[in-house]
$ cat protein00.csv   # CSV, C-alpha atoms
chain,number,residue,atom,x,y,z
U,1,MET,CA,-107.8,-86.2,-191.2
U,2,HIS,CA,-107.7,-83.8,-194.1
U,3,VAL,CA,-105.1,-81.9,-196.1
U,4,GLU,CA,-105.5,-78.2,-197.0
U,5,PHE,CA,-103.6,-76.2,-199.6
U,6,GLU,CA,-103.4,-72.5,-199.0
U,7,ILE,CA,-100.7,-71.9,-201.6
U,8,ALA,CA,-101.4,-72.9,-205.2
U,9,SER,CA,-97.8,-73.0,-206.3
U,10,LYS,CA,-95.1,-75.6,-206.1
U,11,ILE,CA,-91.4,-75.7,-205.3
U,12,VAL,CA,-88.9,-77.7,-207.3
U,13,VAL,CA,-85.8,-78.9,-205.4
U,14,SER,CA,-82.8,-80.6,-206.8
U,15,ARG,CA,-80.9,-83.4,-205.0
U,16,PRO,CA,-77.9,-85.5,-206.0
U,17,ASN,CA,-78.5,-89.0,-207.4
U,18,ARG,CA,-76.4,-91.3,-205.3
U,19,ASN,CA,-76.3,-94.0,-208.0
U,20,ASN,CA,-75.0,-91.6,-210.7
U,21,PRO,CA,-72.8,-88.7,-209.7
U,22,ASP,CA,-73.5,-86.9,-213.0
U,23,ALA,CA,-77.3,-87.0,-212.5
U,24,ARG,CA,-79.8,-85.2,-210.2
U,25,TRP,CA,-83.3,-85.8,-208.9
U,26,TYR,CA,-85.8,-83.1,-209.2
U,27,ILE,CA,-88.7,-83.1,-206.7
U,28,ALA,CA,-91.8,-81.0,-207.2
U,29,GLU,CA,-93.4,-80.2,-203.8
U,30,GLN,CA,-96.4,-78.2,-202.7
U,31,PRO,CA,-96.7,-76.7,-199.2
U,32,ALA,CA,-99.7,-78.1,-197.3
U,33,LEU,CA,-101.4,-78.4,-193.9
U,34,MET,CA,-102.5,-81.6,-192.3
U,35,PHE,CA,-105.5,-81.4,-189.9
U,36,LYS,CA,-105.8,-84.4,-187.6
U,37,LYS,CA,-108.8,-85.1,-185.4
U,38,GLY,CA,-108.1,-84.0,-181.8
U,39,SER,CA,-105.0,-81.9,-182.7
U,40,LYS,CA,-105.2,-78.2,-181.8
U,41,TYR,CA,-103.0,-77.0,-184.7
U,42,PRO,CA,-102.4,-78.5,-188.2
U,43,ASP,CA,-99.0,-79.9,-189.2
U,44,LYS,CA,-97.1,-78.2,-192.0
U,45,PHE,CA,-95.5,-80.3,-194.6
U,46,ASP,CA,-94.5,-80.4,-198.3
U,47,LEU,CA,-96.5,-82.8,-200.4
U,48,THR,CA,-94.3,-84.5,-203.0
U,49,LEU,CA,-96.1,-84.1,-206.4
U,50,MET,CA,-93.4,-85.8,-208.5
U,51,VAL,CA,-89.8,-87.2,-208.4
U,52,THR,CA,-88.0,-87.3,-211.7
U,53,SER,CA,-84.6,-87.1,-213.3
U,54,ASP,CA,-86.0,-84.6,-215.8
U,55,GLU,CA,-86.0,-80.9,-214.6
U,56,ARG,CA,-88.5,-79.8,-217.2
U,57,GLU,CA,-90.9,-82.5,-216.2
U,58,ALA,CA,-90.7,-81.4,-212.5
U,59,ASN,CA,-91.2,-77.8,-213.5
U,60,ASP,CA,-94.3,-78.8,-215.5
U,61,ALA,CA,-95.9,-80.7,-212.5
U,62,LYS,CA,-99.3,-79.2,-211.7
U,63,PRO,CA,-100.0,-78.3,-208.1
U,64,PHE,CA,-103.4,-78.9,-206.4
U,65,ALA,CA,-105.9,-76.1,-206.4
U,66,LEU,CA,-106.5,-74.2,-203.1
U,67,GLY,CA,-108.9,-76.0,-200.8
U,68,SER,CA,-109.3,-79.0,-198.5
U,69,TYR,CA,-108.9,-82.6,-199.6
U,70,GLN,CA,-109.2,-86.1,-198.2
U,71,LEU,CA,-107.5,-89.4,-199.2
U,72,THR,CA,-109.3,-91.6,-201.7
U,73,GLU,CA,-109.8,-95.3,-201.1
U,74,ASP,CA,-107.2,-96.3,-203.7
U,75,ALA,CA,-104.5,-94.2,-201.9
U,76,PHE,CA,-104.0,-97.2,-199.6
U,77,THR,CA,-102.2,-100.2,-201.2
U,78,LEU,CA,-99.7,-102.9,-200.5
U,79,ASP,CA,-96.2,-102.9,-201.9
U,80,ARG,CA,-94.6,-106.0,-203.5
U,81,ASN,CA,-93.7,-107.3,-200.0
U,82,ASN,CA,-97.3,-106.8,-198.7
U,83,ASN,CA,-96.3,-103.8,-196.6
U,84,PRO,CA,-99.0,-101.1,-196.4
U,85,GLN,CA,-98.2,-97.8,-198.2
U,86,VAL,CA,-100.1,-94.6,-198.8
U,87,ASP,CA,-100.0,-92.4,-202.0
U,88,PHE,CA,-100.7,-88.9,-200.6
U,89,THR,CA,-101.3,-87.6,-204.1
U,90,LYS,CA,-104.5,-89.6,-204.4
U,91,ILE,CA,-106.8,-87.1,-202.9
U,92,GLU,CA,-110.2,-85.6,-203.7
U,93,PRO,CA,-111.8,-82.3,-202.6
U,94,LEU,CA,-113.4,-82.5,-199.2
U,95,GLN,CA,-117.1,-81.7,-199.1
U,96,GLU,CA,-117.9,-78.7,-196.9
U,97,LYS,CA,-120.3,-80.8,-194.7
U,98,ALA,CA,-117.6,-83.4,-194.1
U,99,LYS,CA,-115.0,-80.7,-193.3
U,100,LEU,CA,-117.3,-79.3,-190.6
U,101,ALA,CA,-117.8,-82.7,-189.1
U,102,GLN,CA,-114.0,-83.4,-189.0
U,103,ALA,CA,-113.3,-80.1,-187.3
U,104,SER,CA,-115.6,-80.9,-184.4

$ encode --input "protein00.csv" --output "structure tokens"
Amino acid sequence: MHVEFEIASKIVVSRPNRNNPDARWYIAEQPALMFKKGSKYPDKFDLTLMVTSDEREANDAKPFALGSYQLTEDAFTLDRNNNPQVDFTKIEPLQEKAKLAQAS
């Protein structure tokens, strides 16, 4: 599995904060494609770069550069209840050789 960015820009969306009606959440997202082994076509999704209550901070979030990426080992952790979780922002550039091997 690898993730590919074809667009080097981000989108900032605003959503209401259910705990405080006077506040909002700002979510910086970047469009991406997920290529899974054995799948004919990639899945499109928006990778969350940041969630914050500060609009300026969300607007300053840096998107990933164009290219293909894979998850790093430290992307996989356990939460405080020992449930597995994945941080999809912990990625590294995919080497061209590895990309060709995954495609086959």

$ closest_residue --input "protein00.csv" --among "U:Thr89, U:Asn19, U:Asn83, U:Thr77" --to "Ala32 of chain U" --atoms "all atoms listed in the file"
U:Thr89

$ closest_atom_pairs --input "protein00.csv" --of "segment 77-98 of chain U" --to "segment 49-64 of chain U" --cutoff "12 Å" --atoms "only C-alpha atoms" --output "JSON lines"
{"residue": "U:Asp87", "atom": "CA", "partner": "U:Leu49", "partner_atom": "CA", "distance": 10.2}
{"residue": "U:Phe88", "atom": "CA", "partner": "U:Leu49", "partner_atom": "CA", "distance": 8.8}
{"residue": "U:Thr89", "atom": "CA", "partner": "U:Leu49", "partner_atom": "CA", "distance": 6.7}
{"residue": "U:Lys90", "atom": "CA", "partner": "U:Leu49", "partner_atom": "CA", "distance": 10.2}
{"residue": "U:Ile91", "atom": "CA", "partner": "U:Phe64", "partner_atom": "CA", "distance": 9.5}
{"residue": "U:Glu92", "atom": "CA", "partner": "U:Phe64", "partner_atom": "CA", "distance": 9.9}
{"residue": "U:Pro93", "atom": "CA", "partner": "U:Phe64", "partner_atom": "CA", "distance": 9.8}

$ residues_near_point --input "protein00.csv" --point "(-102.0, -82.6, -192.7)" --cutoff "8 Å" --atoms "only C-alpha atoms" --output "PyMOL selection string"
chain U and resi 1-4+32-36+42-45

$ residues_around --input "protein00.csv" --residues "Lys10 of chain U" --least-positions-apart "6" --cutoff "7 Å" --atoms "only C-alpha atoms" --output "PyMOL selection string"
chain U and resi 28-30+63

$ write_last_selection --input "protein00.csv" --atoms "C-alpha atoms" --output "PDB file, keeping the file's coordinate frame"
ATOM      1  CA  ALA U  28     -91.800 -81.000-207.200  1.00  0.00           C
ATOM      2  CA  GLU U  29     -93.400 -80.200-203.800  1.00  0.00           C
ATOM      3  CA  GLN U  30     -96.400 -78.200-202.700  1.00  0.00           C
ATOM      4  CA  PRO U  63    -100.000 -78.300-208.100  1.00  0.00           C
TER       5      PRO U  63
END

$ atom_distance --input "protein00.csv" --atom1 "atom CA of Glu6 of chain U" --atom2 "atom CA of Leu47 of chain U"
12.5 Å

$ atom_distance --input "protein00.csv" --atom1 "atom CA of Ala8 of chain U" --atom2 "atom CA of Pro31 of chain U"
8.5 Å

$ closest_residue --input "protein00.csv" --among "U:Asp79, U:Ser68, U:Phe5, U:Asp46" --to "Gln95 of chain U" --atoms "only C-alpha atoms"
U:Ser68

$ atom_distance --input "protein00.csv" --atom1 "atom CA of Val13 of chain U" --atom2 "atom CA of Trp25 of chain U"
8.1 Å

$ build_atoms --input "protein00.csv" --residues "segment 11-35 of chain U" --atoms "N, CA and C atoms" --output "JSON list (two decimals), in the coordinates of the input"
[["chain", "number", "residue", "atom", "x", "y", "z"],
["U", 11, "ILE", "N", -92.86, -75.93, -205.41],
["U", 11, "ILE", "CA", -91.40, -75.70, -205.30],
["U", 11, "ILE", "C", -90.73, -76.87, -205.93],
["U", 12, "VAL", "N", -89.69, -76.63, -206.73],
["U", 12, "VAL", "CA", -88.90, -77.70, -207.30],
["U", 12, "VAL", "C", -87.53, -77.67, -206.65],
["U", 13, "VAL", "N", -87.16, -78.78, -206.02],
["U", 13, "VAL", "CA", -85.80, -78.90, -205.40],
["U", 13, "VAL", "C", -85.03, -79.92, -206.15],
["U", 14, "SER", "N", -83.73, -79.75, -206.11],
["U", 14, "SER", "CA", -82.80, -80.60, -206.80],
["U", 14, "SER", "C", -81.93, -81.32, -205.78],
["U", 15, "ARG", "N", -81.79, -82.63, -205.92],
["U", 15, "ARG", "CA", -80.90, -83.40, -205.00],
["U", 15, "ARG", "C", -80.03, -84.31, -205.82],
["U", 16, "PRO", "N", -78.85, -84.61, -205.29],
["U", 16, "PRO", "CA", -77.90, -85.50, -206.00],
["U", 16, "PRO", "C", -78.50, -86.92, -206.14],
["U", 17, "ASN", "N", -78.15, -87.59, -207.22],
["U", 17, "ASN", "CA", -78.50, -89.00, -207.40],
["U", 17, "ASN", "C", -77.30, -89.81, -206.94],
["U", 18, "ARG", "N", -77.48, -90.56, -205.87],
["U", 18, "ARG", "CA", -76.40, -91.30, -205.30],
["U", 18, "ARG", "C", -75.84, -92.42, -206.20],
["U", 19, "ASN", "N", -76.69, -92.90, -207.11],
["U", 19, "ASN", "CA", -76.30, -94.00, -208.00],
["U", 19, "ASN", "C", -75.50, -93.48, -209.23],
["U", 20, "ASN", "N", -75.66, -92.20, -209.53],
["U", 20, "ASN", "CA", -75.00, -91.60, -210.70],
["U", 20, "ASN", "C", -74.55, -90.20, -210.34],
["U", 21, "PRO", "N", -73.27, -89.99, -210.11],
["U", 21, "PRO", "CA", -72.80, -88.70, -209.70],
["U", 21, "PRO", "C", -73.03, -87.56, -210.73],
["U", 22, "ASP", "N", -73.27, -87.94, -211.99],
["U", 22, "ASP", "CA", -73.50, -86.90, -213.00],
["U", 22, "ASP", "C", -74.99, -86.60, -213.20],
["U", 23, "ALA", "N", -75.86, -87.23, -212.40],
["U", 23, "ALA", "CA", -77.30, -87.00, -212.50],
["U", 23, "ALA", "C", -77.87, -86.40, -211.25],
["U", 24, "ARG", "N", -79.08, -85.85, -211.37],
["U", 24, "ARG", "CA", -79.80, -85.20, -210.20],
["U", 24, "ARG", "C", -81.21, -85.70, -210.23],
["U", 25, "TRP", "N", -81.83, -85.64, -209.07],
["U", 25, "TRP", "CA", -83.30, -85.80, -208.90],
["U", 25, "TRP", "C", -83.93, -84.49, -208.75],
["U", 26, "TYR", "N", -85.08, -84.32, -209.37],
["U", 26, "TYR", "CA", -85.80, -83.10, -209.20],
["U", 26, "TYR", "C", -87.18, -83.45, -208.59],
["U", 27, "ILE", "N", -87.48, -82.79, -207.49],
["U", 27, "ILE", "CA", -88.70, -83.10, -206.70],
["U", 27, "ILE", "C", -89.59, -81.88, -206.70],
["U", 28, "ALA", "N", -90.80, -82.06, -207.22],
["U", 28, "ALA", "CA", -91.80, -81.00, -207.20],
["U", 28, "ALA", "C", -92.64, -81.20, -205.93],
["U", 29, "GLU", "N", -92.73, -80.15, -205.11],
["U", 29, "GLU", "CA", -93.40, -80.20, -203.80],
["U", 29, "GLU", "C", -94.38, -79.04, -203.70],
["U", 30, "GLN", "N", -95.46, -79.23, -202.94],
["U", 30, "GLN", "CA", -96.40, -78.20, -202.70],
["U", 30, "GLN", "C", -96.62, -78.06, -201.16],
["U", 31, "PRO", "N", -96.46, -76.86, -200.59],
["U", 31, "PRO", "CA", -96.70, -76.70, -199.20],
["U", 31, "PRO", "C", -98.17, -77.02, -198.82],
["U", 32, "ALA", "N", -98.37, -77.69, -197.68],
["U", 32, "ALA", "CA", -99.70, -78.10, -197.30],
["U", 32, "ALA", "C", -99.83, -78.12, -195.76],
["U", 33, "LEU", "N", -101.07, -78.22, -195.31],
["U", 33, "LEU", "CA", -101.40, -78.40, -193.90],
["U", 33, "LEU", "C", -102.15, -79.66, -193.69],
["U", 34, "MET", "N", -101.80, -80.41, -192.64],
["U", 34, "MET", "CA", -102.50, -81.60, -192.30],
["U", 34, "MET", "C", -103.28, -81.42, -191.01],
["U", 35, "PHE", "N", -104.60, -81.54, -191.10],
["U", 35, "PHE", "CA", -105.50, -81.40, -189.90],
["U", 35, "PHE", "C", -105.83, -82.77, -189.42]]
